[in-house]
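Structure data follow from target.txt (compact mmCIF, N, CA and C atoms and all ligand atoms):
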# COMPACT_ATOMS: atom_id res chain seq x y z
N MET J 1 -10.71 25.98 1.43
CA MET J 1 -10.67 24.57 1.83
C MET J 1 -11.41 23.70 0.80
N ARG J 2 -12.62 24.14 0.47
CA ARG J 2 -13.45 23.38 -0.43
C ARG J 2 -12.80 23.18 -1.80
N GLN J 3 -12.21 24.28 -2.28
CA GLN J 3 -11.59 24.22 -3.60
C GLN J 3 -10.37 23.30 -3.60
N THR J 4 -9.62 23.34 -2.51
CA THR J 4 -8.44 22.48 -2.40
C THR J 4 -8.87 21.03 -2.51
N LYS J 5 -9.97 20.72 -1.82
CA LYS J 5 -10.46 19.34 -1.82
C LYS J 5 -10.87 18.92 -3.23
N LYS J 6 -11.57 19.83 -3.90
CA LYS J 6 -12.01 19.53 -5.26
C LYS J 6 -10.81 19.32 -6.18
N LEU J 7 -9.82 20.18 -6.01
CA LEU J 7 -8.61 20.10 -6.82
C LEU J 7 -7.92 18.76 -6.59
N LYS J 8 -7.86 18.37 -5.31
CA LYS J 8 -7.23 17.08 -4.97
C LYS J 8 -7.98 15.93 -5.62
N MET J 9 -9.32 16.01 -5.55
CA MET J 9 -10.13 14.95 -6.13
C MET J 9 -9.90 14.89 -7.63
N PHE J 10 -9.81 16.07 -8.24
CA PHE J 10 -9.63 16.14 -9.68
C PHE J 10 -8.26 15.56 -10.08
N SER J 11 -7.21 15.95 -9.36
CA SER J 11 -5.89 15.43 -9.72
C SER J 11 -5.82 13.93 -9.47
N GLY J 12 -6.54 13.46 -8.44
CA GLY J 12 -6.61 12.02 -8.17
C GLY J 12 -7.27 11.30 -9.33
N PHE J 13 -8.33 11.95 -9.84
CA PHE J 13 -9.05 11.38 -10.98
C PHE J 13 -8.15 11.32 -12.21
N LEU J 14 -7.42 12.42 -12.44
CA LEU J 14 -6.50 12.47 -13.58
C LEU J 14 -5.45 11.38 -13.48
N LEU J 15 -4.92 11.22 -12.28
CA LEU J 15 -3.90 10.20 -12.04
C LEU J 15 -4.45 8.81 -12.35
N ALA J 16 -5.68 8.57 -11.85
CA ALA J 16 -6.32 7.27 -12.07
C ALA J 16 -6.51 7.05 -13.58
N LEU J 17 -6.92 8.10 -14.26
CA LEU J 17 -7.15 8.03 -15.70
C LEU J 17 -5.85 7.71 -16.43
N MET J 18 -4.78 8.41 -16.04
CA MET J 18 -3.48 8.20 -16.68
C MET J 18 -2.95 6.80 -16.40
N LEU J 19 -3.14 6.34 -15.17
CA LEU J 19 -2.68 4.99 -14.82
C LEU J 19 -3.47 3.98 -15.63
N GLY J 20 -4.78 4.22 -15.71
CA GLY J 20 -5.67 3.30 -16.41
C GLY J 20 -5.33 3.18 -17.88
N THR J 21 -4.90 4.29 -18.49
CA THR J 21 -4.62 4.26 -19.92
C THR J 21 -3.14 3.99 -20.20
N GLY J 22 -2.38 3.77 -19.13
CA GLY J 22 -0.97 3.42 -19.31
C GLY J 22 -0.11 4.59 -19.74
N LEU J 23 -0.56 5.84 -19.48
CA LEU J 23 0.22 7.01 -19.87
C LEU J 23 1.41 7.25 -18.94
N LEU J 24 1.31 6.70 -17.74
CA LEU J 24 2.42 6.88 -16.80
C LEU J 24 3.42 5.75 -16.99
N PRO J 25 4.70 6.03 -16.72
CA PRO J 25 5.71 4.97 -16.83
C PRO J 25 5.43 3.85 -15.82
N ALA J 26 5.99 2.70 -16.09
CA ALA J 26 5.80 1.55 -15.21
C ALA J 26 6.28 1.87 -13.80
N ALA J 27 5.72 1.17 -12.81
CA ALA J 27 6.07 1.42 -11.42
C ALA J 27 7.56 1.16 -11.18
N ASP J 28 8.13 1.93 -10.27
CA ASP J 28 9.53 1.77 -9.93
C ASP J 28 9.74 0.77 -8.81
N PHE J 29 8.63 0.35 -8.22
CA PHE J 29 8.72 -0.70 -7.20
C PHE J 29 7.52 -1.60 -7.40
N GLU J 30 7.74 -2.90 -7.33
CA GLU J 30 6.66 -3.83 -7.51
C GLU J 30 6.96 -5.10 -6.74
N LYS J 31 6.00 -5.56 -5.95
CA LYS J 31 6.19 -6.80 -5.22
C LYS J 31 4.83 -7.45 -4.97
N GLU J 32 4.81 -8.78 -5.06
CA GLU J 32 3.56 -9.48 -4.85
C GLU J 32 3.62 -10.23 -3.51
N ALA J 33 2.53 -10.18 -2.77
CA ALA J 33 2.44 -10.91 -1.51
C ALA J 33 1.16 -11.72 -1.52
N LYS J 34 1.20 -12.92 -0.91
CA LYS J 34 0.03 -13.80 -0.96
C LYS J 34 -0.27 -14.42 0.38
N HIS J 35 -1.53 -14.67 0.62
CA HIS J 35 -1.93 -15.52 1.73
C HIS J 35 -3.15 -16.30 1.27
N ARG J 36 -3.01 -17.60 1.12
CA ARG J 36 -4.07 -18.45 0.57
C ARG J 36 -4.61 -17.87 -0.73
N ASP J 37 -5.93 -17.53 -0.78
CA ASP J 37 -6.52 -17.05 -2.03
C ASP J 37 -6.36 -15.55 -2.23
N ILE J 38 -5.76 -14.88 -1.24
CA ILE J 38 -5.62 -13.42 -1.32
C ILE J 38 -4.25 -13.06 -1.88
N LYS J 39 -4.28 -12.19 -2.88
CA LYS J 39 -3.03 -11.73 -3.49
C LYS J 39 -3.00 -10.21 -3.43
N VAL J 40 -1.86 -9.66 -3.02
CA VAL J 40 -1.70 -8.20 -2.99
C VAL J 40 -0.52 -7.84 -3.89
N LEU J 41 -0.79 -7.00 -4.87
CA LEU J 41 0.29 -6.47 -5.70
C LEU J 41 0.63 -5.09 -5.14
N ILE J 42 1.86 -4.95 -4.65
CA ILE J 42 2.30 -3.69 -4.04
C ILE J 42 3.15 -2.95 -5.08
N THR J 43 2.78 -1.72 -5.38
CA THR J 43 3.59 -0.93 -6.32
C THR J 43 3.82 0.46 -5.76
N ALA J 44 4.85 1.12 -6.28
CA ALA J 44 5.11 2.52 -5.96
C ALA J 44 5.64 3.18 -7.21
N GLU J 45 5.27 4.45 -7.41
CA GLU J 45 5.72 5.15 -8.61
C GLU J 45 7.19 5.53 -8.53
N LYS J 46 7.70 5.63 -7.28
CA LYS J 46 9.11 5.96 -7.10
C LYS J 46 9.77 4.82 -6.33
N PRO J 47 11.09 4.65 -6.48
CA PRO J 47 11.77 3.63 -5.69
C PRO J 47 11.57 3.93 -4.20
N LEU J 48 11.44 2.90 -3.39
CA LEU J 48 11.23 3.12 -1.95
C LEU J 48 12.50 3.70 -1.32
N THR J 49 12.30 4.65 -0.41
CA THR J 49 13.44 5.30 0.24
C THR J 49 13.15 5.48 1.72
N VAL J 50 14.19 5.83 2.47
CA VAL J 50 14.00 6.20 3.87
C VAL J 50 13.12 7.45 3.86
N GLY J 51 12.13 7.49 4.78
CA GLY J 51 11.22 8.63 4.85
C GLY J 51 9.85 8.27 4.27
N SER J 52 9.15 9.29 3.77
CA SER J 52 7.77 9.10 3.29
C SER J 52 7.71 8.46 1.91
N ASN J 53 6.80 7.52 1.78
CA ASN J 53 6.56 6.83 0.51
C ASN J 53 5.06 6.62 0.37
N THR J 54 4.61 6.45 -0.86
CA THR J 54 3.21 6.10 -1.07
C THR J 54 3.16 4.77 -1.79
N LEU J 55 2.46 3.83 -1.18
CA LEU J 55 2.31 2.52 -1.81
C LEU J 55 0.92 2.42 -2.41
N GLN J 56 0.84 1.74 -3.54
CA GLN J 56 -0.47 1.41 -4.09
C GLN J 56 -0.63 -0.10 -3.97
N LEU J 57 -1.77 -0.53 -3.48
CA LEU J 57 -2.05 -1.95 -3.31
C LEU J 57 -3.19 -2.35 -4.23
N SER J 58 -3.01 -3.42 -4.96
CA SER J 58 -4.11 -3.99 -5.74
C SER J 58 -4.41 -5.33 -5.10
N ILE J 59 -5.64 -5.48 -4.63
CA ILE J 59 -5.97 -6.66 -3.83
C ILE J 59 -6.96 -7.57 -4.56
N PHE J 60 -6.61 -8.84 -4.60
CA PHE J 60 -7.41 -9.82 -5.33
C PHE J 60 -7.73 -11.02 -4.45
N GLU J 61 -8.90 -11.60 -4.69
CA GLU J 61 -9.21 -12.91 -4.12
C GLU J 61 -9.53 -13.81 -5.30
N LYS J 62 -8.75 -14.84 -5.48
CA LYS J 62 -8.89 -15.74 -6.65
C LYS J 62 -9.03 -14.93 -7.93
N GLU J 63 -8.15 -13.98 -8.15
CA GLU J 63 -8.10 -13.16 -9.38
C GLU J 63 -9.22 -12.11 -9.48
N LYS J 64 -10.18 -12.12 -8.54
CA LYS J 64 -11.22 -11.07 -8.55
C LYS J 64 -10.80 -9.97 -7.59
N THR J 65 -11.00 -8.71 -7.98
CA THR J 65 -10.58 -7.61 -7.11
C THR J 65 -11.46 -7.54 -5.85
N ILE J 66 -10.85 -7.17 -4.74
CA ILE J 66 -11.59 -6.94 -3.50
C ILE J 66 -11.75 -5.43 -3.37
N LYS J 67 -13.00 -4.97 -3.50
CA LYS J 67 -13.26 -3.52 -3.47
C LYS J 67 -13.76 -3.09 -2.09
N GLU J 68 -13.49 -1.84 -1.77
CA GLU J 68 -14.03 -1.21 -0.56
C GLU J 68 -13.77 -1.99 0.73
N ALA J 69 -12.65 -2.64 0.81
CA ALA J 69 -12.29 -3.31 2.06
C ALA J 69 -11.64 -2.28 2.99
N LYS J 70 -11.58 -2.63 4.27
CA LYS J 70 -10.83 -1.80 5.21
C LYS J 70 -9.41 -2.37 5.18
N VAL J 71 -8.44 -1.53 4.87
CA VAL J 71 -7.07 -2.01 4.68
C VAL J 71 -6.10 -1.15 5.49
N SER J 72 -5.23 -1.82 6.22
CA SER J 72 -4.18 -1.07 6.91
C SER J 72 -2.86 -1.81 6.74
N VAL J 73 -1.77 -1.06 6.89
CA VAL J 73 -0.44 -1.64 6.71
C VAL J 73 0.39 -1.37 7.96
N LYS J 74 0.90 -2.45 8.54
CA LYS J 74 1.79 -2.31 9.70
C LYS J 74 3.22 -2.56 9.23
N LEU J 75 4.10 -1.64 9.57
CA LEU J 75 5.52 -1.78 9.25
C LEU J 75 6.24 -2.04 10.55
N PHE J 76 7.17 -2.96 10.58
CA PHE J 76 7.99 -3.07 11.77
C PHE J 76 9.36 -3.64 11.49
N MET J 77 10.27 -3.29 12.38
CA MET J 77 11.64 -3.79 12.31
C MET J 77 11.97 -4.22 13.74
N PRO J 78 12.39 -5.49 13.91
CA PRO J 78 12.72 -5.94 15.27
C PRO J 78 13.93 -5.15 15.81
N ALA J 79 14.11 -5.20 17.11
CA ALA J 79 15.25 -4.52 17.73
C ALA J 79 16.56 -5.04 17.16
N MET J 80 17.52 -4.15 17.00
CA MET J 80 18.85 -4.53 16.55
C MET J 80 19.83 -3.94 17.56
N PRO J 81 21.11 -4.35 17.51
CA PRO J 81 22.06 -3.74 18.45
C PRO J 81 22.03 -2.21 18.33
N GLY J 82 21.79 -1.54 19.42
CA GLY J 82 21.78 -0.08 19.41
C GLY J 82 20.53 0.55 18.84
N MET J 83 19.48 -0.27 18.57
CA MET J 83 18.25 0.27 18.00
C MET J 83 17.05 -0.46 18.57
N PRO J 84 16.11 0.26 19.15
CA PRO J 84 14.91 -0.41 19.67
C PRO J 84 14.03 -0.88 18.51
N ALA J 85 13.07 -1.76 18.81
CA ALA J 85 12.12 -2.19 17.79
C ALA J 85 11.33 -0.98 17.30
N MET J 86 11.00 -0.97 16.01
CA MET J 86 10.27 0.15 15.43
C MET J 86 8.99 -0.37 14.80
N GLN J 87 7.93 0.41 14.92
CA GLN J 87 6.64 -0.03 14.38
C GLN J 87 5.74 1.15 14.06
N SER J 88 4.98 1.03 12.99
CA SER J 88 3.97 2.05 12.69
C SER J 88 2.85 1.41 11.86
N THR J 89 1.66 1.98 11.96
CA THR J 89 0.52 1.45 11.20
C THR J 89 -0.14 2.59 10.44
N SER J 90 -0.45 2.36 9.17
CA SER J 90 -1.12 3.36 8.33
C SER J 90 -2.40 2.79 7.76
N GLU J 91 -3.44 3.62 7.72
CA GLU J 91 -4.71 3.22 7.10
C GLU J 91 -4.63 3.51 5.61
N ALA J 92 -5.13 2.57 4.82
CA ALA J 92 -5.16 2.79 3.37
C ALA J 92 -6.47 3.43 2.97
N LYS J 93 -6.42 4.15 1.86
CA LYS J 93 -7.61 4.78 1.31
C LYS J 93 -8.03 3.95 0.10
N ALA J 94 -9.30 3.60 0.01
CA ALA J 94 -9.78 2.81 -1.14
C ALA J 94 -9.88 3.70 -2.37
N LEU J 95 -9.27 3.28 -3.47
CA LEU J 95 -9.44 3.96 -4.75
C LEU J 95 -10.47 3.12 -5.52
N GLU J 96 -10.48 3.24 -6.81
CA GLU J 96 -11.44 2.45 -7.58
C GLU J 96 -10.87 1.06 -7.89
N ASN J 97 -11.77 0.14 -8.17
CA ASN J 97 -11.36 -1.13 -8.76
C ASN J 97 -10.44 -2.02 -7.95
N GLY J 98 -10.63 -2.05 -6.62
CA GLY J 98 -9.79 -2.94 -5.81
C GLY J 98 -8.39 -2.42 -5.58
N LYS J 99 -8.20 -1.11 -5.82
CA LYS J 99 -6.90 -0.51 -5.57
C LYS J 99 -6.98 0.37 -4.33
N TYR J 100 -5.87 0.45 -3.64
CA TYR J 100 -5.80 1.21 -2.39
C TYR J 100 -4.49 1.98 -2.37
N ARG J 101 -4.53 3.12 -1.67
CA ARG J 101 -3.31 3.92 -1.57
C ARG J 101 -3.01 4.11 -0.09
N VAL J 102 -1.74 3.93 0.26
CA VAL J 102 -1.38 4.04 1.67
C VAL J 102 -0.03 4.74 1.84
N PRO J 103 0.01 5.77 2.69
CA PRO J 103 1.28 6.43 2.98
C PRO J 103 2.05 5.62 4.01
N VAL J 104 3.33 5.43 3.80
CA VAL J 104 4.16 4.72 4.79
C VAL J 104 5.44 5.50 5.01
N ASN J 105 6.03 5.34 6.17
CA ASN J 105 7.27 6.04 6.48
C ASN J 105 8.29 5.05 7.01
N PHE J 106 9.38 4.89 6.29
CA PHE J 106 10.47 4.02 6.75
C PHE J 106 11.48 4.90 7.47
N SER J 107 11.62 4.71 8.77
CA SER J 107 12.46 5.63 9.53
C SER J 107 13.95 5.30 9.45
N MET J 108 14.30 4.18 8.86
CA MET J 108 15.73 3.89 8.65
C MET J 108 15.86 2.87 7.51
N SER J 109 17.08 2.71 7.00
CA SER J 109 17.28 1.70 5.97
C SER J 109 17.38 0.32 6.62
N GLY J 110 17.19 -0.70 5.84
CA GLY J 110 17.23 -2.07 6.35
C GLY J 110 16.02 -2.84 5.86
N THR J 111 15.79 -4.01 6.45
CA THR J 111 14.65 -4.84 6.05
C THR J 111 13.46 -4.55 6.95
N TRP J 112 12.38 -4.16 6.35
CA TRP J 112 11.14 -3.88 7.08
C TRP J 112 10.12 -4.99 6.81
N GLN J 113 9.49 -5.44 7.87
CA GLN J 113 8.40 -6.41 7.72
C GLN J 113 7.12 -5.62 7.47
N LEU J 114 6.31 -6.10 6.54
CA LEU J 114 5.04 -5.46 6.22
C LEU J 114 3.91 -6.45 6.48
N HIS J 115 2.96 -6.05 7.28
CA HIS J 115 1.75 -6.86 7.44
C HIS J 115 0.59 -6.05 6.89
N ILE J 116 -0.08 -6.61 5.92
CA ILE J 116 -1.23 -5.93 5.31
C ILE J 116 -2.50 -6.58 5.86
N PHE J 117 -3.32 -5.79 6.53
CA PHE J 117 -4.56 -6.30 7.12
C PHE J 117 -5.72 -5.90 6.21
N ILE J 118 -6.45 -6.89 5.75
CA ILE J 118 -7.54 -6.64 4.79
C ILE J 118 -8.85 -7.15 5.40
N THR J 119 -9.81 -6.25 5.55
CA THR J 119 -11.12 -6.66 6.06
C THR J 119 -12.18 -6.33 5.02
N PRO J 120 -12.54 -7.32 4.18
CA PRO J 120 -13.61 -7.08 3.21
C PRO J 120 -14.93 -6.92 3.97
N SER J 121 -15.89 -6.21 3.40
CA SER J 121 -17.16 -6.01 4.09
C SER J 121 -17.77 -7.36 4.47
N SER J 122 -18.20 -7.45 5.72
CA SER J 122 -18.82 -8.64 6.30
C SER J 122 -17.96 -9.90 6.23
N LYS J 123 -16.65 -9.74 6.22
CA LYS J 123 -15.78 -10.93 6.28
C LYS J 123 -14.70 -10.70 7.33
N LYS J 124 -14.03 -11.79 7.64
CA LYS J 124 -12.95 -11.72 8.63
C LYS J 124 -11.72 -11.03 8.05
N THR J 125 -10.91 -10.48 8.94
CA THR J 125 -9.67 -9.83 8.53
C THR J 125 -8.64 -10.89 8.11
N VAL J 126 -8.00 -10.63 6.99
CA VAL J 126 -6.93 -11.50 6.50
C VAL J 126 -5.62 -10.73 6.63
N ARG J 127 -4.58 -11.41 7.05
CA ARG J 127 -3.27 -10.76 7.14
C ARG J 127 -2.35 -11.33 6.08
N VAL J 128 -1.77 -10.45 5.28
CA VAL J 128 -0.81 -10.86 4.25
C VAL J 128 0.54 -10.29 4.64
N LYS J 129 1.54 -11.17 4.72
CA LYS J 129 2.87 -10.74 5.19
C LYS J 129 3.88 -10.69 4.05
N THR J 130 4.74 -9.70 4.12
CA THR J 130 5.87 -9.64 3.18
C THR J 130 6.95 -8.77 3.81
N SER J 131 7.99 -8.47 3.08
CA SER J 131 9.02 -7.59 3.60
C SER J 131 9.63 -6.78 2.46
N VAL J 132 10.21 -5.65 2.78
CA VAL J 132 10.89 -4.84 1.76
C VAL J 132 12.25 -4.41 2.29
N ASN J 133 13.19 -4.24 1.39
CA ASN J 133 14.52 -3.75 1.77
C ASN J 133 14.65 -2.29 1.36
N ILE J 134 14.97 -1.47 2.32
CA ILE J 134 15.08 -0.04 2.05
C ILE J 134 16.55 0.38 2.07
CU CU H 201 16.73 -1.04 12.42

Would you write the structure of this file as structure tokens?
Amino acid sequence: MRQTKKLKMFSGFLLALMLGTGLLPAADFEKEAKHRDIKVLITAEKPLTVGSNTLQLSIFEKEKTIKEAKVSVKLFMPAMPGMPAMQSTSEAKALENGKYRVPVNFSMSGTWQLHIFITPSSKKTVRVKTSVNI
């Protein structure tokens, strides 16, 4: 167990290093969402698909990164003919430098609403809304 964790941490570090030095190809998904002074750059290394995806969020307030905030992402799709409303919430993990990683699962194709909840330490929660087409 311990070694697996260390290995995971190490590969995470390598990934961060490669991203930082631009060794990895550009993101295959990129979208910006804003609410007042808060800006979220949403990226993914692979195109978004039905099923499991990993989003990376870079969060800024007036161009300064927001580090170590509590961040969660709510996905939902309103009811459609023959389909009930769908909803799920995922907690993001803080990486370095105002970046966060969050696993999301799109259970069907279509337009999904995304609400990103950001709670910086000792501040109120801000909600940033956007949508993605899967
Ligand atoms: Cu649907």

Could you please extract the residues within 10 Å of ligand CU 201 (chain H), counting only C-alpha atoms and all ligand atoms, and hand them back as a PyMOL selection string? chain J and resi 76-86+106-112

Close residues, Lys70 of chain J itself excluded, 9 Å, only C-alpha atoms, min 4 positions apart in chain, as a ChimeraX atom specification: /J:91-94,117-121,125

Counting only N, CA and C atoms, I want the residues whose atoms come within 6 Å of (-1.3, -2.4, 8.5) in the file frame, returned as a ChimeraX atom specification. /J:71-75,89-90,115-117

Mind giving me the straight-line distance from atom CA of Asp37 of chain J to atom C of Glu63 of chain J in Å, one decimal?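 Pair atom CA of Asp37 of chain J / atom C of Glu63 of chain J returns 9.3 Å.
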
Work out how far apart atom CA of Arg36 of chain J and atom CA of Asn53 of chain J are and give it in Å to one decimal.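 Computed distance, atom CA of Arg36 of chain J to atom CA of Asn53 of chain J, equals 27.4 Å.
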
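Atom pair atom CA of Glu68 of chain J / atom CA of Ala33 of chain J has a distance of 19.1 Å (rounded to one decimal).
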
Taking 5 positions as the minimum chain separation for residues in the same chain, which residues sit within 9 Å of Leu48 of chain J when counting only C-alpha atoms? Answer as number ranges by chain. J: 28-29, 53-55, 106, 132-134

Just asking: which residues within chain J are strand (DSSP E) according to DSSP, as a ChimeraX atom specification? /J:29-35,38-44,51-61,64-65,70-77,86-91,93-94,99-106,111-119,126-133

Selected residue, from J:Val102, J:Leu114, J:Lys34, J:Gln87, that lies nearest to Gln56 of chain J when counting only C-alpha atoms: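 Of J:Val102, J:Leu114, J:Lys34, J:Gln87, the one nearest Gln56 of chain J, counting only C-alpha atoms, is J:Val102.
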
Using all atoms listed in the file, find all polymer residues with an atom at most 5 Å away from the point (-4.8, -12.1, 0.6); report them as a list in words.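 Applying the cut-off with all atoms listed in the file, one gets His35, Asp37, Ile38 and Lys39 of chain J.
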
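Contact shell of Ile59 of chain J at 7 Å (only C-alpha atoms; same-chain neighbours under 3 positions omitted): J:Lys39, J:Val40, J:Leu41, J:Thr65, J:Ile66, J:Gly98, J:Lys99.
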
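Counting only N, CA and C atoms and comparing J:Thr49, J:Glu32, J:Thr43, J:Arg101, the residue that lies closest to Lys129 of chain J is J:Glu32.
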
What are the DSSP helix (DSSP H, G or I) residues of chain J, as a list in words?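 The helix (DSSP H, G or I) residues within chain J come out as Arg2, Gln3, Thr4, Lys5, Lys6, Leu7, Lys8, Met9, Phe10, Ser11, Gly12, Phe13, Leu14, Leu15, Ala16, Leu17, Met18, Leu19 and Gly20 of chain J.
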
Residue contacts of Asn105 of chain J (7 Å, only N, CA and C atoms) excluding same-chain residues fewer than 6 positions away, as JSON, numbers by chain: {"J": [50, 51, 52, 53]}

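Taking all atoms listed in the file into account, Ala44 of chain J lies nearest to J:Ala27 out of the set J:Val128, J:Ser58, J:Tyr100, J:Ala27.
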